[in-house]
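Structure first, then comments.
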Amino acid sequence: MVSVNIGLPKDVLWHGKNVFTGVYKQPVAGPRHAGRLNVDGDGQGDLGGHGGEQRAVFVYQLDSYRYWEHELERDDFVYGQFGENFTVEGLHDDEVCIGDRFQIGTGVFEVTQPRVTCYRVGIRMGDARIPALLVSHHRPGFYFRVLQEGDVEAGDAIVKLASGPEQMTVAETDALLYLPGHPRRQLVRALRIPALSPGWQSSFRALLEDDVKSGNAGLATASPPPAWPGFRQLCVTAIDHESASVIAIRLEDPDGASHPPARPGQYVTVRVRVAAAERSLLRNYSLCSAPGAGYYRIAVKREDAGVVSGYLHTRLPVGAQLDVAAPRGTFILDSTDAPILLISVGVGATPVLAMLHTLSEDHSDREIWWLHGARSGREHSFAAETRTLLASLPSVHRCIRYSRPDSDDHEGDDFDGPGRLTPALLAELDPPRDAEAYLCGPAPFMAEISAGLAALGLDAGRIHTELFGPAPGLTPGIASTPAPTPHAPAGTPGRGPMIEFARSNLAIPWGEDYASVLELAEACDVPVRWSCRTGVCHSCETTLIAGTLDYDPEPVEPPAEGSALICCSRPHSDVVLDL
């Protein structure tokens, strides 16, 4: 042991924001107690990415110090420079294996995973490239789990007690997740290591089960590749009134060709030219047709003061053509035999209706629960169609609630009872705990029902939700604040390609003042997700609806086809992003 380093989280000013981080560690003299969660006097600012029982102690090697001093031409390093708790001689990343056990002082430690690099180590090093370099140069460092609490100090010998099964090194494990090429044999091998942390096991399992085979399923859930790039014109061949406030629009190829089939649950982006608007407007609509129907059907709810919905409800004629992007999305019906819960309110029925069509076409014998809420029969979209589909299936449970039933709504026929879908009702219905649940509706509804399902014992990985609006942002280490409405950035508008943020209803010309699309989105208060900011972690991976991007730096592994890493990209042409 060369040095024991500790540090409590603190606010650090970065790009005008306060980042709460524990990456700043300082050497300490004398023995320190290594407990189950950390070394005495140490702490982590972001427990979602660091710390906890599986990541109690971070280890970095003196050999890597020497390597980076030469590689970066620096001589200013101090112990704790890489945010590590233990600076050690030996224990190289290409020699130490996941599951190896060591005694240091009176403590016993087990290797659980490589370090997950994020932007904060770049802050500590004063070099934003560091997260990517640690991965690409195979020098990530690793975490210990504390098997036996004890005291450690500089000068202690490190004694190996046992070797991990499979003998998979830290560098090999790190490359298997982050670098291109994820051999099935290696993934299976990694999953046989009991000491590997649950988070890494989950990532490797996702790579093993990935049927998209594009991008990195272990880091980001990718939509299947789009059937065509950008937009194409489709013809409106029918408009049906499904309820007092919802219409269904059927879209077909102008030349009569069949559409590429969508996955059940996916959506399309529609570009609408409304005369009163300054520019074309973008909206996402879930597909509610049978995925193999040969045409697409979307449902549009008339919104108060809704420019696009108002136009589509009152001025769109049959025979008109609309610009439509290919089906996308990850809210997709699974192909297992598990029971399935399809839960929706209002127009949120659209994606789960497509799933119900698929189950009916497949003559599925899965146990199916159809739970839907509407205000009344007048607002119950696709009621007759749903009843027909449910009647075609052998194992169905139905619960339809009307919050304000009309006098001509018949309980027991049109609906099953007054009221709303609530966690209390879920508990009363007692759905199977091994079900896959698909929820669609307003965000508060999905949050409430998700919590109710979790309280009943459903695993979080089995609860799938579909948002209509912008997804919540993820800015690790930066305190969340009330999200302002997305807006044009301050200053003189740029003169570059147009960047359209589809869910935020914003179109901004690119300016050379921004290093990346992510920086432009942040300047516009568009909700974004990120962690490394250098093309490693894929947290920022975003659906690319139209256009092309250039990367600088090149990401460690390219994103999935039809997606973009906004943290390290700049527009090559006009771009439409699903943000």
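Letters for chains follow the order of the structure tokens (A, B, ...), residue numbers begin at 1 for each chain, and ligand numbers begin at 1 in the order shown.
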Using only C-alpha atoms, which residues sit within 6 Å of range 43-58 of chain A once same-chain residues fewer than 5 positions away are excluded, as a short mmCIF file (atom, residue, chain, number, x, y, z; two decimals) with C-alpha atoms, in the first residue's frame?
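This is the output file around-v6.cif:
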```cif
data_model
loop_
_atom_site.label_atom_id
_atom_site.label_comp_id
_atom_site.auth_asym_id
_atom_site.auth_seq_id
_atom_site.Cartn_x
_atom_site.Cartn_y
_atom_site.Cartn_z
CA LEU A 8 -15.73 14.08 1.81
CA PRO A 9 -17.97 15.34 -1.00
CA PHE A 20 -21.19 17.89 -5.64
CA THR A 21 -18.36 15.39 -5.81
CA GLY A 22 -16.11 13.25 -3.65
CA LEU A 37 -19.37 1.09 2.71
CA ASN A 38 -16.16 3.14 2.71
CA GLU A 84 -8.71 6.52 -5.52
CA ASN A 85 -8.80 5.46 -1.89
CA PHE A 142 -11.10 -1.13 -9.93
CA TYR A 143 -13.35 -1.36 -6.88
CA PHE A 144 -13.06 -3.52 -3.77
CA ARG A 145 -15.88 -4.94 -1.71
CA GLY A 477 -23.59 15.57 -9.25
#
```
Within 8 Å of Leu565 in chain A, counting only C-alpha atoms, which residues show up once you throw out same-chain ones fewer than 5 positions away? Write them as an NGL selection string, please. :A and (535 or 538 or 540-542 or 555 or 559)
Written selection (N, CA, C and O atoms) as a tab-separated table (two decimals), in the first residue's frame:
```
chain	number	residue	atom	x	y	z
A	535	GLY	N	-18.04	10.42	-24.91
A	535	GLY	CA	-18.32	9.32	-25.81
A	535	GLY	C	-18.01	7.95	-25.29
A	535	GLY	O	-17.74	7.04	-26.07
A	538	HIS	N	-22.42	6.36	-23.00
A	538	HIS	CA	-23.66	6.28	-23.79
A	538	HIS	C	-24.89	6.78	-23.02
A	538	HIS	O	-26.02	6.58	-23.48
A	540	CYS	N	-25.87	9.71	-22.87
A	540	CYS	CA	-26.49	10.77	-23.67
A	540	CYS	C	-27.07	10.25	-24.97
A	540	CYS	O	-27.54	11.06	-25.80
A	541	GLU	N	-27.05	8.94	-25.20
A	541	GLU	CA	-27.50	8.41	-26.49
A	541	GLU	C	-28.96	8.80	-26.74
A	541	GLU	O	-29.83	8.60	-25.90
A	542	THR	N	-29.20	9.37	-27.92
A	542	THR	CA	-30.48	9.99	-28.26
A	542	THR	C	-30.91	9.55	-29.64
A	542	THR	O	-30.07	9.40	-30.54
A	555	PRO	N	-16.37	8.55	-30.52
A	555	PRO	CA	-16.78	7.77	-29.35
A	555	PRO	C	-16.00	6.46	-29.28
A	555	PRO	O	-15.54	5.93	-30.29
A	559	PRO	N	-22.66	4.82	-31.50
A	559	PRO	CA	-24.03	4.58	-31.01
A	559	PRO	C	-24.77	3.64	-31.95
A	559	PRO	O	-24.29	3.30	-33.04
```
Report, in Å with one decimal, the straight-line distance from CA of Thr534 in chain A to CA of Ser203 in chain A.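 One can read the CA of Thr534 in chain A to CA of Ser203 in chain A distance as 19.7 Å.
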Could you pull out all residues of range 107-218 of chain A with a DSSP call of strand (DSSP E or B) and give them as a list in words?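 Matching residues, listed in order: Gly107, Val108, Phe109, Glu110, Val111, Thr112, Gln113, Pro114, Phe142, Tyr143, Phe144, Arg145, Val146, Leu147, Gln148, Gly150, Asp151, Val152, Ile158, Val159, Lys160, Leu161, Ala162 and Thr169 of chain A.
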So which residues touch Val270 in chain A within 8 Å, counting only C-alpha atoms, skipping near sequence neighbours fewer than 2 positions away, as a PyMOL selection string? chain A and resi 268+272+282-285+322-325
Filtering to all heavy atoms, could you give me those residues as a PDB file, in the first residue's frame?
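Here's the written file part39.pdb:
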```
ATOM      1  N   VAL A 268     -44.099   7.061 -34.271  1.00  0.00           N
ATOM      2  CA  VAL A 268     -43.539   7.760 -35.423  1.00  0.00           C
ATOM      3  C   VAL A 268     -43.521   9.253 -35.115  1.00  0.00           C
ATOM      4  O   VAL A 268     -44.330   9.756 -34.324  1.00  0.00           O
ATOM      5  CB  VAL A 268     -44.328   7.501 -36.726  1.00  0.00           C
ATOM      6  CG1 VAL A 268     -44.210   6.060 -37.149  1.00  0.00           C
ATOM      7  CG2 VAL A 268     -45.795   7.915 -36.575  1.00  0.00           C
ATOM      8  N   VAL A 272     -45.480  18.513 -39.463  1.00  0.00           N
ATOM      9  CA  VAL A 272     -46.716  19.139 -39.934  1.00  0.00           C
ATOM     10  C   VAL A 272     -46.444  20.590 -40.291  1.00  0.00           C
ATOM     11  O   VAL A 272     -45.840  21.327 -39.489  1.00  0.00           O
ATOM     12  CB  VAL A 272     -47.822  19.046 -38.855  1.00  0.00           C
ATOM     13  CG1 VAL A 272     -49.102  19.710 -39.351  1.00  0.00           C
ATOM     14  CG2 VAL A 272     -48.083  17.592 -38.492  1.00  0.00           C
ATOM     15  N   LEU A 282     -43.079  19.434 -35.156  1.00  0.00           N
ATOM     16  CA  LEU A 282     -42.851  18.003 -34.990  1.00  0.00           C
ATOM     17  C   LEU A 282     -43.656  17.466 -33.812  1.00  0.00           C
ATOM     18  O   LEU A 282     -43.713  18.090 -32.760  1.00  0.00           O
ATOM     19  CB  LEU A 282     -41.372  17.722 -34.746  1.00  0.00           C
ATOM     20  CG  LEU A 282     -40.402  18.160 -35.847  1.00  0.00           C
ATOM     21  CD1 LEU A 282     -38.969  18.083 -35.342  1.00  0.00           C
ATOM     22  CD2 LEU A 282     -40.569  17.301 -37.082  1.00  0.00           C
ATOM     23  N   ARG A 283     -44.255  16.320 -34.013  1.00  0.00           N
ATOM     24  CA  ARG A 283     -44.969  15.652 -32.930  1.00  0.00           C
ATOM     25  C   ARG A 283     -44.732  14.145 -33.031  1.00  0.00           C
ATOM     26  O   ARG A 283     -44.650  13.595 -34.129  1.00  0.00           O
ATOM     27  CB  ARG A 283     -46.482  15.928 -32.999  1.00  0.00           C
ATOM     28  CG  ARG A 283     -46.877  17.382 -32.790  1.00  0.00           C
ATOM     29  CD  ARG A 283     -46.593  17.855 -31.379  1.00  0.00           C
ATOM     30  NE  ARG A 283     -47.099  19.205 -31.151  1.00  0.00           N
ATOM     31  CZ  ARG A 283     -46.412  20.319 -31.394  1.00  0.00           C
ATOM     32  NH1 ARG A 283     -45.175  20.223 -31.876  1.00  0.00           N
ATOM     33  NH2 ARG A 283     -46.936  21.494 -31.150  1.00  0.00           N
ATOM     34  N   ASN A 284     -44.652  13.485 -31.867  1.00  0.00           N
ATOM     35  CA  ASN A 284     -44.535  12.027 -31.809  1.00  0.00           C
ATOM     36  C   ASN A 284     -45.903  11.420 -31.520  1.00  0.00           C
ATOM     37  O   ASN A 284     -46.614  11.876 -30.611  1.00  0.00           O
ATOM     38  CB  ASN A 284     -43.558  11.600 -30.710  1.00  0.00           C
ATOM     39  CG  ASN A 284     -42.118  11.950 -31.030  1.00  0.00           C
ATOM     40  OD1 ASN A 284     -41.761  12.168 -32.185  1.00  0.00           O
ATOM     41  ND2 ASN A 284     -41.274  11.998 -30.011  1.00  0.00           N
ATOM     42  N   TYR A 285     -46.255  10.387 -32.277  1.00  0.00           N
ATOM     43  CA  TYR A 285     -47.523   9.697 -32.064  1.00  0.00           C
ATOM     44  C   TYR A 285     -47.274   8.188 -32.061  1.00  0.00           C
ATOM     45  O   TYR A 285     -46.651   7.644 -32.977  1.00  0.00           O
ATOM     46  CB  TYR A 285     -48.540  10.034 -33.162  1.00  0.00           C
ATOM     47  CG  TYR A 285     -48.953  11.490 -33.174  1.00  0.00           C
ATOM     48  CD1 TYR A 285     -48.541  12.337 -34.196  1.00  0.00           C
ATOM     49  CD2 TYR A 285     -49.747  12.018 -32.155  1.00  0.00           C
ATOM     50  CE1 TYR A 285     -48.916  13.674 -34.218  1.00  0.00           C
ATOM     51  CE2 TYR A 285     -50.125  13.356 -32.165  1.00  0.00           C
ATOM     52  CZ  TYR A 285     -49.702  14.174 -33.191  1.00  0.00           C
ATOM     53  OH  TYR A 285     -50.071  15.497 -33.192  1.00  0.00           O
ATOM     54  N   LEU A 322     -48.395  13.615 -45.417  1.00  0.00           N
ATOM     55  CA  LEU A 322     -47.669  14.066 -44.237  1.00  0.00           C
ATOM     56  C   LEU A 322     -46.248  13.527 -44.283  1.00  0.00           C
ATOM     57  O   LEU A 322     -46.012  12.408 -44.764  1.00  0.00           O
ATOM     58  CB  LEU A 322     -48.353  13.581 -42.958  1.00  0.00           C
ATOM     59  CG  LEU A 322     -49.718  14.176 -42.613  1.00  0.00           C
ATOM     60  CD1 LEU A 322     -50.301  13.470 -41.390  1.00  0.00           C
ATOM     61  CD2 LEU A 322     -49.621  15.669 -42.359  1.00  0.00           C
ATOM     62  N   ASP A 323     -45.301  14.311 -43.771  1.00  0.00           N
ATOM     63  CA  ASP A 323     -43.926  13.847 -43.622  1.00  0.00           C
ATOM     64  C   ASP A 323     -43.842  12.989 -42.353  1.00  0.00           C
ATOM     65  O   ASP A 323     -44.160  13.469 -41.255  1.00  0.00           O
ATOM     66  CB  ASP A 323     -42.965  15.024 -43.499  1.00  0.00           C
ATOM     67  CG  ASP A 323     -42.826  15.796 -44.803  1.00  0.00           C
ATOM     68  OD1 ASP A 323     -43.121  15.215 -45.856  1.00  0.00           O
ATOM     69  OD2 ASP A 323     -42.423  16.970 -44.753  1.00  0.00           O
ATOM     70  N   VAL A 324     -43.400  11.754 -42.503  1.00  0.00           N
ATOM     71  CA  VAL A 324     -43.386  10.813 -41.387  1.00  0.00           C
ATOM     72  C   VAL A 324     -42.008  10.148 -41.307  1.00  0.00           C
ATOM     73  O   VAL A 324     -41.479   9.675 -42.321  1.00  0.00           O
ATOM     74  CB  VAL A 324     -44.473   9.731 -41.547  1.00  0.00           C
ATOM     75  CG1 VAL A 324     -44.469   8.771 -40.361  1.00  0.00           C
ATOM     76  CG2 VAL A 324     -45.851  10.382 -41.694  1.00  0.00           C
ATOM     77  N   ALA A 325     -41.429  10.135 -40.110  1.00  0.00           N
ATOM     78  CA  ALA A 325     -40.183   9.410 -39.879  1.00  0.00           C
ATOM     79  C   ALA A 325     -40.496   7.948 -39.566  1.00  0.00           C
ATOM     80  O   ALA A 325     -41.604   7.606 -39.151  1.00  0.00           O
ATOM     81  CB  ALA A 325     -39.403  10.044 -38.740  1.00  0.00           C
TER      82      ALA A 325
END
```
Enumerate, in order of chain and increasing residue number, the residues of range 154-209 of chain A with an atom no farther than 10 Å from range 88-101 of chain A, each with its shortest atom pair and distance in Å to one decimal, counting only C-alpha atoms, as CSV.
```
residue,atom,partner,partner_atom,distance
A:Ala154,CA,A:Val88,CA,9.0
A:Gly155,CA,A:Val88,CA,9.6
A:Asp156,CA,A:Val88,CA,9.9
A:Ala157,CA,A:Glu89,CA,9.7
A:Ile158,CA,A:Val88,CA,8.7
A:Val159,CA,A:Arg101,CA,8.6
A:Lys160,CA,A:Arg101,CA,6.0
A:Leu161,CA,A:Arg101,CA,5.4
A:Ala162,CA,A:Arg101,CA,5.1
A:Ser163,CA,A:Asp100,CA,4.4
A:Gly164,CA,A:Gly99,CA,3.8
A:Pro165,CA,A:Gly99,CA,6.7
A:Glu166,CA,A:Cys97,CA,8.5
A:Gln167,CA,A:Cys97,CA,5.5
A:Met168,CA,A:Cys97,CA,5.1
A:Thr169,CA,A:Cys97,CA,3.9
A:Val170,CA,A:Asp93,CA,5.1
A:Ala171,CA,A:Asp93,CA,5.1
A:Glu172,CA,A:Asp94,CA,7.2
A:Thr173,CA,A:Ile98,CA,8.0
A:Asp174,CA,A:Asp93,CA,9.4
A:Ala190,CA,A:Ile98,CA,8.8
A:Ile193,CA,A:Gly99,CA,7.0
A:Pro194,CA,A:Gly99,CA,7.5
A:Ala195,CA,A:Gly99,CA,5.0
A:Leu196,CA,A:Ile98,CA,6.4
A:Ser197,CA,A:Ile98,CA,9.4
```
